[in-house]
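Chemist: Pasting coords-v8.tsv here (TSV, N, CA and C atoms):
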chain	number	residue	atom	x	y	z
A	1	MET	N	-48.79	23.81	7.09
A	1	MET	CA	-48.19	24.56	8.20
A	1	MET	C	-49.08	25.77	8.51
A	2	GLU	N	-49.33	25.98	9.79
A	2	GLU	CA	-50.16	27.08	10.23
A	2	GLU	C	-49.31	28.08	10.99
A	3	LEU	N	-49.75	29.32	10.98
A	3	LEU	CA	-48.96	30.39	11.61
A	3	LEU	C	-48.77	30.17	13.10
A	4	ASN	N	-49.79	29.61	13.77
A	4	ASN	CA	-49.65	29.42	15.21
A	4	ASN	C	-48.80	28.20	15.58
A	5	LYS	N	-48.40	27.44	14.56
A	5	LYS	CA	-47.58	26.26	14.85
A	5	LYS	C	-46.15	26.39	14.33
A	6	LEU	N	-45.77	27.59	13.91
A	6	LEU	CA	-44.40	27.81	13.46
A	6	LEU	C	-43.45	27.75	14.65
A	7	PRO	N	-42.27	27.21	14.45
A	7	PRO	CA	-41.32	27.17	15.56
A	7	PRO	C	-40.85	28.59	15.91
A	8	LYS	N	-40.61	28.83	17.17
A	8	LYS	CA	-40.18	30.14	17.63
A	8	LYS	C	-38.73	30.36	17.22
A	9	ILE	N	-38.46	31.52	16.65
A	9	ILE	CA	-37.10	31.85	16.25
A	9	ILE	C	-36.45	32.60	17.40
A	10	VAL	N	-35.37	32.01	17.91
A	10	VAL	CA	-34.67	32.63	19.03
A	10	VAL	C	-33.53	33.45	18.47
A	11	LYS	N	-33.57	34.75	18.75
A	11	LYS	CA	-32.50	35.63	18.30
A	11	LYS	C	-31.55	35.86	19.46
A	12	GLY	N	-30.32	36.13	19.11
A	12	GLY	CA	-29.34	36.43	20.15
A	12	GLY	C	-29.61	37.77	20.78
A	13	LYS	N	-28.89	38.07	21.83
A	13	LYS	CA	-29.05	39.35	22.50
A	13	LYS	C	-28.61	40.48	21.59
A	14	LYS	N	-29.23	41.64	21.73
A	14	LYS	CA	-28.86	42.80	20.96
A	14	LYS	C	-27.49	43.28	21.41
A	15	LYS	N	-26.67	43.65	20.43
A	15	LYS	CA	-25.33	44.09	20.77
A	15	LYS	C	-25.38	45.49	21.35
A	16	ARG	N	-24.73	45.69	22.47
A	16	ARG	CA	-24.67	47.01	23.09
A	16	ARG	C	-23.49	47.76	22.52
A	17	LEU	N	-23.79	48.86	21.87
A	17	LEU	CA	-22.75	49.62	21.18
A	17	LEU	C	-21.90	50.41	22.17
A	18	GLY	N	-20.62	50.49	21.86
A	18	GLY	CA	-19.73	51.35	22.63
A	18	GLY	C	-19.43	50.88	24.02
A	19	ARG	N	-19.47	49.58	24.25
A	19	ARG	CA	-19.18	49.06	25.59
A	19	ARG	C	-17.92	48.20	25.57
A	20	GLY	N	-16.97	48.58	24.79
A	20	GLY	CA	-15.70	47.88	24.74
A	20	GLY	C	-15.66	46.84	23.64
A	21	TYR	N	-14.45	46.35	23.35
A	21	TYR	CA	-14.25	45.39	22.27
A	21	TYR	C	-14.93	44.05	22.56
A	22	GLY	N	-15.04	43.68	23.78
A	22	GLY	CA	-15.61	42.39	24.13
A	22	GLY	C	-17.12	42.31	23.92
A	23	SER	N	-17.78	43.41	23.71
A	23	SER	CA	-19.24	43.39	23.56
A	23	SER	C	-19.67	42.94	22.18
A	24	GLY	N	-18.72	42.82	21.25
A	24	GLY	CA	-19.05	42.35	19.91
A	24	GLY	C	-19.24	43.50	18.93
A	25	LYS	N	-19.56	44.64	19.39
A	25	LYS	CA	-19.68	45.80	18.50
A	25	LYS	C	-19.17	47.00	19.30
A	26	GLY	N	-17.96	46.92	19.68
A	26	GLY	CA	-17.44	48.00	20.51
A	26	GLY	C	-16.19	48.57	19.90
A	27	GLY	N	-15.45	49.20	20.71
A	27	GLY	CA	-14.20	49.75	20.22
A	27	GLY	C	-14.32	51.18	19.76
A	28	HIS	N	-13.39	51.53	18.93
A	28	HIS	CA	-13.16	52.93	18.58
A	28	HIS	C	-14.38	53.66	18.01
A	29	THR	N	-14.87	53.30	16.83
A	29	THR	CA	-15.95	54.08	16.19
A	29	THR	C	-17.33	53.46	16.37
A	30	VAL	N	-17.43	52.27	16.86
A	30	VAL	CA	-18.69	51.63	17.22
A	30	VAL	C	-19.67	51.58	16.05
A	31	GLY	N	-19.22	51.29	14.86
A	31	GLY	CA	-20.10	51.12	13.72
A	31	GLY	C	-20.62	52.42	13.12
A	32	ARG	N	-20.08	53.56	13.53
A	32	ARG	CA	-20.55	54.83	13.01
A	32	ARG	C	-19.62	55.40	11.93
A	33	GLY	N	-18.65	54.67	11.54
A	33	GLY	CA	-17.73	55.19	10.54
A	33	GLY	C	-16.68	56.08	11.20
A	34	GLN	N	-16.03	56.92	10.41
A	34	GLN	CA	-14.99	57.78	10.97
A	34	GLN	C	-15.55	59.09	11.50
A	35	LYS	N	-15.38	60.16	10.73
A	35	LYS	CA	-15.83	61.46	11.24
A	35	LYS	C	-17.14	61.89	10.58
A	36	GLY	N	-17.63	63.02	10.99
A	36	GLY	CA	-18.83	63.57	10.38
A	36	GLY	C	-19.98	63.69	11.35
A	37	GLN	N	-21.06	64.32	10.90
A	37	GLN	CA	-22.19	64.60	11.78
A	37	GLN	C	-22.80	63.31	12.34
A	38	LYS	N	-22.92	62.29	11.52
A	38	LYS	CA	-23.54	61.05	11.97
A	38	LYS	C	-22.67	60.27	12.95
A	39	ALA	N	-21.38	60.59	13.02
A	39	ALA	CA	-20.49	59.91	13.95
A	39	ALA	C	-20.55	60.52	15.33
A	40	ARG	N	-21.03	61.73	15.44
A	40	ARG	CA	-21.07	62.43	16.73
A	40	ARG	C	-22.31	62.02	17.54
A	41	SER	N	-22.26	62.27	18.83
A	41	SER	CA	-23.44	61.97	19.63
A	41	SER	C	-24.49	63.03	19.33
A	42	GLY	N	-25.71	62.61	19.10
A	42	GLY	CA	-26.77	63.55	18.76
A	42	GLY	C	-26.79	63.93	17.30
A	43	GLY	N	-25.83	63.47	16.51
A	43	GLY	CA	-25.82	63.76	15.08
A	43	GLY	C	-26.87	62.92	14.40
A	44	ARG	N	-27.82	63.56	13.74
A	44	ARG	CA	-28.96	62.82	13.23
A	44	ARG	C	-28.79	62.35	11.80
A	45	GLY	N	-28.27	63.18	10.97
A	45	GLY	CA	-28.24	62.81	9.56
A	45	GLY	C	-29.62	62.88	8.97
A	46	LYS	N	-29.84	62.32	7.81
A	46	LYS	CA	-31.14	62.40	7.14
A	46	LYS	C	-31.90	61.10	7.36
A	47	ARG	N	-33.08	61.22	7.94
A	47	ARG	CA	-33.92	60.06	8.17
A	47	ARG	C	-35.20	60.21	7.36
A	48	PRO	N	-35.88	59.12	7.07
A	48	PRO	CA	-37.08	59.20	6.24
A	48	PRO	C	-38.16	60.11	6.80
A	49	ARG	N	-38.27	60.22	8.12
A	49	ARG	CA	-39.34	61.05	8.67
A	49	ARG	C	-39.03	62.55	8.62
A	50	ASP	N	-37.83	62.91	8.20
A	50	ASP	CA	-37.47	64.31	8.11
A	50	ASP	C	-37.93	64.96	6.81
A	51	TYR	N	-38.65	64.24	5.97
A	51	TYR	CA	-38.99	64.78	4.66
A	51	TYR	C	-39.85	66.02	4.74
A	52	GLY	N	-40.59	66.22	5.82
A	52	GLY	CA	-41.48	67.37	5.93
A	52	GLY	C	-40.76	68.69	6.05
A	53	LYS	N	-39.46	68.66	6.35
A	53	LYS	CA	-38.72	69.91	6.53
A	53	LYS	C	-38.04	70.35	5.23
A	54	GLU	N	-38.21	69.54	4.19
A	54	GLU	CA	-37.61	69.91	2.91
A	54	GLU	C	-38.25	71.19	2.39
A	55	ARG	N	-37.51	71.94	1.63
A	55	ARG	CA	-38.04	73.18	1.06
A	55	ARG	C	-39.10	72.85	0.02
A	56	GLY	N	-40.22	73.50	0.07
A	56	GLY	CA	-41.25	73.30	-0.92
A	56	GLY	C	-42.20	72.16	-0.60
A	57	PHE	N	-42.02	71.50	0.52
A	57	PHE	CA	-42.91	70.40	0.86
A	57	PHE	C	-44.25	70.94	1.33
A	58	GLU	N	-45.34	70.35	0.87
A	58	GLU	CA	-46.66	70.75	1.31
A	58	GLU	C	-47.41	69.52	1.80
A	59	PRO	N	-47.80	69.50	3.07
A	59	PRO	CA	-48.48	68.31	3.58
A	59	PRO	C	-49.84	68.13	2.92
A	60	PRO	N	-50.33	66.90	2.83
A	60	PRO	CA	-51.63	66.67	2.21
A	60	PRO	C	-52.72	67.37	3.00
A	61	ARG	N	-53.67	67.97	2.30
A	61	ARG	CA	-54.73	68.75	2.93
A	61	ARG	C	-55.89	67.84	3.33
A	62	ARG	N	-56.35	68.04	4.54
A	62	ARG	CA	-57.48	67.24	5.01
A	62	ARG	C	-58.78	67.84	4.52
A	63	ARG	N	-59.75	66.98	4.27
A	63	ARG	CA	-61.10	67.47	3.93
A	63	ARG	C	-61.75	67.94	5.22
A	64	ALA	N	-62.30	69.12	5.17
A	64	ALA	CA	-62.95	69.64	6.37
A	64	ALA	C	-64.17	70.46	5.97
A	65	PRO	N	-65.34	69.83	5.91
A	65	PRO	CA	-66.54	70.60	5.60
A	65	PRO	C	-66.92	71.50	6.77
A	66	GLU	N	-67.65	72.54	6.47
A	66	GLU	CA	-68.14	73.42	7.53
A	66	GLU	C	-69.24	72.68	8.29
A	67	ILE	N	-69.20	72.79	9.61
A	67	ILE	CA	-70.11	72.04	10.47
A	67	ILE	C	-71.29	72.92	10.89
A	68	LEU	N	-72.48	72.32	10.86
A	68	LEU	CA	-73.69	73.03	11.25
A	68	LEU	C	-74.61	72.03	11.96
A	69	ASN	N	-75.11	72.38	13.13
A	69	ASN	CA	-75.97	71.46	13.86
A	69	ASN	C	-77.43	71.66	13.50
A	70	VAL	N	-78.22	70.60	13.68
A	70	VAL	CA	-79.63	70.59	13.34
A	70	VAL	C	-80.40	71.71	14.04
A	71	GLU	N	-80.03	72.00	15.28
A	71	GLU	CA	-80.75	73.02	16.05
A	71	GLU	C	-80.71	74.40	15.40
A	72	LYS	N	-79.69	74.67	14.60
A	72	LYS	CA	-79.57	75.97	13.92
A	72	LYS	C	-80.57	76.12	12.78
A	73	LEU	N	-81.11	75.01	12.29
A	73	LEU	CA	-82.04	75.05	11.16
A	73	LEU	C	-83.44	75.50	11.54
A	74	ASN	N	-83.68	75.71	12.83
A	74	ASN	CA	-85.01	76.13	13.29
A	74	ASN	C	-85.36	77.55	12.86
A	75	ILE	N	-84.41	78.32	12.33
A	75	ILE	CA	-84.71	79.68	11.90
A	75	ILE	C	-85.44	79.72	10.55
A	76	PHE	N	-85.46	78.58	9.84
A	76	PHE	CA	-86.16	78.51	8.55
A	76	PHE	C	-87.66	78.30	8.76
A	77	PRO	N	-88.49	78.84	7.86
A	77	PRO	CA	-89.94	78.59	7.99
A	77	PRO	C	-90.29	77.13	7.69
A	78	VAL	N	-91.43	76.70	8.17
A	78	VAL	CA	-91.87	75.31	8.00
A	78	VAL	C	-92.00	75.00	6.51
A	79	GLY	N	-91.49	73.83	6.11
A	79	GLY	CA	-91.61	73.35	4.73
A	79	GLY	C	-90.63	73.96	3.75
A	80	SER	N	-89.70	74.78	4.22
A	80	SER	CA	-88.76	75.41	3.29
A	80	SER	C	-87.66	74.44	2.87
A	81	LYS	N	-87.02	74.76	1.73
A	81	LYS	CA	-85.93	73.95	1.20
A	81	LYS	C	-84.61	74.57	1.66
A	82	VAL	N	-83.80	73.77	2.34
A	82	VAL	CA	-82.53	74.26	2.87
A	82	VAL	C	-81.40	73.75	1.99
A	83	ASP	N	-80.70	74.68	1.35
A	83	ASP	CA	-79.52	74.33	0.56
A	83	ASP	C	-78.43	75.35	0.88
A	84	LEU	N	-77.34	75.30	0.14
A	84	LEU	CA	-76.20	76.16	0.43
A	84	LEU	C	-76.57	77.64	0.31
A	85	GLN	N	-77.33	78.00	-0.72
A	85	GLN	CA	-77.72	79.40	-0.90
A	85	GLN	C	-78.62	79.88	0.24
A	86	ALA	N	-79.53	79.03	0.70
A	86	ALA	CA	-80.42	79.39	1.81
A	86	ALA	C	-79.63	79.60	3.10
A	87	LEU	N	-78.63	78.75	3.32
A	87	LEU	CA	-77.79	78.89	4.52
A	87	LEU	C	-77.01	80.19	4.48
A	88	MET	N	-76.50	80.55	3.29
A	88	MET	CA	-75.75	81.79	3.16
A	88	MET	C	-76.67	83.00	3.31
A	89	GLY	N	-77.87	82.89	2.79
A	89	GLY	CA	-78.83	83.98	2.91
A	89	GLY	C	-79.21	84.29	4.35
A	90	ARG	N	-79.26	83.27	5.19
A	90	ARG	CA	-79.61	83.45	6.60
A	90	ARG	C	-78.37	83.74	7.47
A	91	GLY	N	-77.19	83.71	6.86
A	91	GLY	CA	-75.96	84.01	7.61
A	91	GLY	C	-75.43	82.86	8.43
A	92	LEU	N	-75.92	81.64	8.20
A	92	LEU	CA	-75.41	80.48	8.93
A	92	LEU	C	-74.06	80.02	8.39
A	93	VAL	N	-73.81	80.30	7.11
A	93	VAL	CA	-72.54	79.97	6.48
A	93	VAL	C	-71.99	81.26	5.89
A	94	LYS	N	-70.78	81.62	6.24
A	94	LYS	CA	-70.20	82.88	5.80
A	94	LYS	C	-69.78	82.85	4.33
A	95	LYS	N	-69.11	81.76	3.94
A	95	LYS	CA	-68.64	81.63	2.56
A	95	LYS	C	-68.87	80.21	2.10
A	96	ILE	N	-68.80	79.99	0.81
A	96	ILE	CA	-69.00	78.64	0.30
A	96	ILE	C	-67.76	77.82	0.64
A	97	ALA	N	-67.93	76.87	1.52
A	97	ALA	CA	-66.80	76.02	1.94
A	97	ALA	C	-66.41	75.12	0.77
A	98	GLU	N	-65.11	74.94	0.61
A	98	GLU	CA	-64.59	74.13	-0.50
A	98	GLU	C	-65.08	72.69	-0.43
A	99	ASP	N	-65.22	72.18	0.78
A	99	ASP	CA	-65.64	70.80	0.96
A	99	ASP	C	-67.09	70.67	1.41
A	100	GLY	N	-67.87	71.71	1.22
A	100	GLY	CA	-69.29	71.66	1.51
A	100	GLY	C	-69.64	71.98	2.95
A	101	VAL	N	-70.89	71.72	3.28
A	101	VAL	CA	-71.42	71.95	4.62
A	101	VAL	C	-72.01	70.64	5.11
A	102	LYS	N	-71.69	70.28	6.35
A	102	LYS	CA	-72.21	69.04	6.91
A	102	LYS	C	-73.12	69.36	8.09
A	103	ILE	N	-74.30	68.75	8.09
A	103	ILE	CA	-75.26	68.95	9.17
A	103	ILE	C	-75.13	67.79	10.14
A	104	LEU	N	-74.93	68.13	11.41
A	104	LEU	CA	-74.80	67.12	12.46
A	104	LEU	C	-76.06	67.11	13.32
A	105	GLY	N	-76.24	66.07	14.11
A	105	GLY	CA	-77.49	65.85	14.83
A	105	GLY	C	-77.60	66.45	16.21
A	106	ARG	N	-76.81	67.45	16.56
A	106	ARG	CA	-76.88	68.03	17.90
A	106	ARG	C	-78.09	68.97	18.00
A	107	GLY	N	-78.81	68.87	19.08
A	107	GLY	CA	-79.96	69.75	19.31
A	107	GLY	C	-81.25	69.12	18.81
A	108	GLU	N	-82.31	69.92	18.82
A	108	GLU	CA	-83.63	69.43	18.43
A	108	GLU	C	-84.17	70.23	17.27
A	109	LEU	N	-84.69	69.55	16.28
A	109	LEU	CA	-85.32	70.21	15.13
A	109	LEU	C	-86.81	70.27	15.39
A	110	LYS	N	-87.41	71.46	15.22
A	110	LYS	CA	-88.83	71.63	15.55
A	110	LYS	C	-89.70	71.84	14.33
A	111	LYS	N	-89.10	71.81	13.11
A	111	LYS	CA	-89.86	72.10	11.90
A	111	LYS	C	-89.61	71.06	10.82
A	112	LYS	N	-90.57	70.97	9.90
A	112	LYS	CA	-90.44	70.08	8.75
A	112	LYS	C	-89.66	70.84	7.67
A	113	LEU	N	-88.50	70.29	7.27
A	113	LEU	CA	-87.63	70.94	6.29
A	113	LEU	C	-87.19	69.93	5.23
A	114	THR	N	-86.79	70.44	4.06
A	114	THR	CA	-86.19	69.61	3.02
A	114	THR	C	-84.75	70.03	2.87
A	115	ILE	N	-83.82	69.11	3.09
A	115	ILE	CA	-82.39	69.39	2.99
A	115	ILE	C	-81.92	68.92	1.62
A	116	SER	N	-81.23	69.81	0.90
A	116	SER	CA	-80.80	69.48	-0.45
A	116	SER	C	-79.36	69.91	-0.69
A	117	GLY	N	-78.57	68.99	-1.24
A	117	GLY	CA	-77.20	69.31	-1.66
A	117	GLY	C	-76.22	69.51	-0.52
A	118	LEU	N	-76.50	69.00	0.67
A	118	LEU	CA	-75.61	69.16	1.81
A	118	LEU	C	-75.20	67.79	2.34
A	119	LEU	N	-74.08	67.75	3.03
A	119	LEU	CA	-73.65	66.53	3.71
A	119	LEU	C	-74.40	66.45	5.04
A	120	TYR	N	-74.60	65.27	5.56
A	120	TYR	CA	-75.32	65.13	6.83
A	120	TYR	C	-74.90	63.84	7.52
A	121	SER	N	-75.07	63.81	8.82
A	121	SER	CA	-74.77	62.61	9.59
A	121	SER	C	-76.03	61.76	9.71
A	122	GLY	N	-75.86	60.55	10.19
A	122	GLY	CA	-77.01	59.65	10.37
A	122	GLY	C	-77.99	60.19	11.39
A	123	GLY	N	-77.46	60.76	12.48
A	123	GLY	CA	-78.32	61.33	13.51
A	123	GLY	C	-79.12	62.52	13.01
A	124	ALA	N	-78.50	63.34	12.17
A	124	ALA	CA	-79.19	64.50	11.61
A	124	ALA	C	-80.31	64.05	10.70
A	125	ARG	N	-80.05	63.07	9.87
A	125	ARG	CA	-81.07	62.56	8.95
A	125	ARG	C	-82.27	62.01	9.73
A	126	GLU	N	-81.94	61.29	10.78
A	126	GLU	CA	-82.99	60.70	11.61
A	126	GLU	C	-83.90	61.78	12.20
A	127	LYS	N	-83.32	62.87	12.70
A	127	LYS	CA	-84.10	63.94	13.30
A	127	LYS	C	-84.92	64.71	12.27
A	128	ILE	N	-84.35	64.88	11.08
A	128	ILE	CA	-85.07	65.60	10.01
A	128	ILE	C	-86.27	64.77	9.55
A	129	GLU	N	-86.07	63.47	9.35
A	129	GLU	CA	-87.16	62.61	8.89
A	129	GLU	C	-88.20	62.36	9.97
A	130	LYS	N	-87.80	62.44	11.22
A	130	LYS	CA	-88.73	62.27	12.34
A	130	LYS	C	-89.77	63.40	12.35
A	131	ARG	N	-89.35	64.58	11.93
A	131	ARG	CA	-90.25	65.74	11.84
A	131	ARG	C	-91.03	65.79	10.53
A	132	GLY	N	-90.87	64.77	9.68
A	132	GLY	CA	-91.59	64.73	8.41
A	132	GLY	C	-90.84	65.39	7.27
A	133	GLY	N	-89.62	65.77	7.48
A	133	GLY	CA	-88.80	66.40	6.44
A	133	GLY	C	-88.17	65.38	5.53
A	134	LYS	N	-87.47	65.88	4.50
A	134	LYS	CA	-86.80	65.00	3.54
A	134	LYS	C	-85.34	65.41	3.43
A	135	VAL	N	-84.51	64.41	3.09
A	135	VAL	CA	-83.10	64.65	2.81
A	135	VAL	C	-82.82	64.19	1.40
A	136	GLU	N	-82.32	65.09	0.57
A	136	GLU	CA	-82.03	64.77	-0.82
A	136	GLU	C	-80.52	64.82	-1.06
A	137	ASP	N	-80.09	64.19	-2.11
A	137	ASP	CA	-78.71	64.25	-2.62
A	137	ASP	C	-77.69	63.64	-1.70
A	138	GLN	N	-76.64	64.43	-1.41
A	138	GLN	CA	-75.37	63.95	-0.84
A	138	GLN	C	-75.51	63.25	0.50
A	139	ARG	N	-74.39	62.62	0.88
A	139	ARG	CA	-74.31	61.96	2.20
A	139	ARG	C	-73.11	62.43	2.87
How would this structure read if it were set down as structure tokens?
Modeler:
Amino acid sequence: MELNKLPKIVKGKKKRLGRGYGSGKGGHTVGRGQKGQKARSGGRGKRPRDYGKERGFEPPRRRAPEILNVEKLNIFPVGSKVDLQALMGRGLVKKIAEDGVKILGRGELKKKLTISGLLYSGGAREKIEKRGGKVEDQR
């Protein structure tokens, strides 16, 4: 038996709530029970997606490295080694980012540099190696 050859399952019409006894699910409380917040119109009750409003809940933290474009690296002298300490020394990075620094390929690199211990994109690597530079370590 293949999935595309399974017989189609025909379901009945959805019952319309609160449209009288003849609708199949009508009448007085319409499947909402007796009294209480969930019985009222607009009464929500507790749903699975409401978990974020619980006290003490902390959403998962996204990884976000500090972004730096290739064009900014032109301030380094030719042949220098660019790492986190060098970036901080030149003021390109204010503080050591928890998730590192990522070099992106925007702009033009005019010098031969060696990148060490930093994250980088494919376009950035291509531009660095095109100028005769090297990329070491992380990706």
Chemist: Would you mind writing down, as a ChimeraX atom specification, each residue of chain A that DSSP on the backbone assigns to helix (DSSP H, G or I)?
Modeler: /A:3-5,21-23,37-39,48-53,70-75,84-89,122-130
Chemist: List every protein, DNA or RNA residue with an atom no more than 10 Å from (-69.7, 68.6, 2.6) in the file's coordinates, counting only C-alpha atoms, and format the result as a ChimeraX atom specification.
Modeler: /A:63-67,97-103,117-120,138-139
Chemist: With N, CA and C atoms kept, could you save the residues just selected as a compact mmCIF listing (two decimals), keeping the file's coordinate frame?
Modeler:
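Result saved to again-v4.txt:
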# COMPACT_ATOMS: atom_id res chain seq x y z
N ARG A 63 -59.75 66.98 4.27
CA ARG A 63 -61.10 67.47 3.93
C ARG A 63 -61.75 67.94 5.22
N ALA A 64 -62.30 69.12 5.17
CA ALA A 64 -62.95 69.64 6.37
C ALA A 64 -64.17 70.46 5.97
N PRO A 65 -65.34 69.83 5.91
CA PRO A 65 -66.54 70.60 5.60
C PRO A 65 -66.92 71.50 6.77
N GLU A 66 -67.65 72.54 6.47
CA GLU A 66 -68.14 73.42 7.53
C GLU A 66 -69.24 72.68 8.29
N ILE A 67 -69.20 72.79 9.61
CA ILE A 67 -70.11 72.04 10.47
C ILE A 67 -71.29 72.92 10.89
N ALA A 97 -67.93 76.87 1.52
CA ALA A 97 -66.80 76.02 1.94
C ALA A 97 -66.41 75.12 0.77
N GLU A 98 -65.11 74.94 0.61
CA GLU A 98 -64.59 74.13 -0.50
C GLU A 98 -65.08 72.69 -0.43
N ASP A 99 -65.22 72.18 0.78
CA ASP A 99 -65.64 70.80 0.96
C ASP A 99 -67.09 70.67 1.41
N GLY A 100 -67.87 71.71 1.22
CA GLY A 100 -69.29 71.66 1.51
C GLY A 100 -69.64 71.98 2.95
N VAL A 101 -70.89 71.72 3.28
CA VAL A 101 -71.42 71.95 4.62
C VAL A 101 -72.01 70.64 5.11
N LYS A 102 -71.69 70.28 6.35
CA LYS A 102 -72.21 69.04 6.91
C LYS A 102 -73.12 69.36 8.09
N ILE A 103 -74.30 68.75 8.09
CA ILE A 103 -75.26 68.95 9.17
C ILE A 103 -75.13 67.79 10.14
N GLY A 117 -78.57 68.99 -1.24
CA GLY A 117 -77.20 69.31 -1.66
C GLY A 117 -76.22 69.51 -0.52
N LEU A 118 -76.50 69.00 0.67
CA LEU A 118 -75.61 69.16 1.81
C LEU A 118 -75.20 67.79 2.34
N LEU A 119 -74.08 67.75 3.03
CA LEU A 119 -73.65 66.53 3.71
C LEU A 119 -74.40 66.45 5.04
N TYR A 120 -74.60 65.27 5.56
CA TYR A 120 -75.32 65.13 6.83
C TYR A 120 -74.90 63.84 7.52
N GLN A 138 -76.64 64.43 -1.41
CA GLN A 138 -75.37 63.95 -0.84
C GLN A 138 -75.51 63.25 0.50
N ARG A 139 -74.39 62.62 0.88
CA ARG A 139 -74.31 61.96 2.20
C ARG A 139 -73.11 62.43 2.87
Chemist: Would you list the contacts of segment 72-83 of chain A as an NGL selection string, taking every protein, DNA or RNA residue within 8 Å and counting all atoms listed in the file, but skipping same-chain residues closer than 6 positions in sequence?
Modeler: :A and (89-90 or 92 or 106-118 or 133)
Chemist: What's the separation between atom C of Gly20 of chain A and atom CA of Gly36 of chain A, in Å to one decimal place?
Modeler: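 Here the two named atoms are 21.6 Å from each other.
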Chemist: Would you compute the distance between atom N of Gly132 of chain A and atom CA of Leu68 of chain A? Give it in Å to one decimal.
Modeler: 19.1 Å
Chemist: Between atom N of Lys13 of chain A and atom C of Gly31 of chain A, what is the distance, to one decimal in Å?
Modeler: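 Computing the Euclidean distance for atom N of Lys13 of chain A and atom C of Gly31 of chain A yields 18.7 Å.
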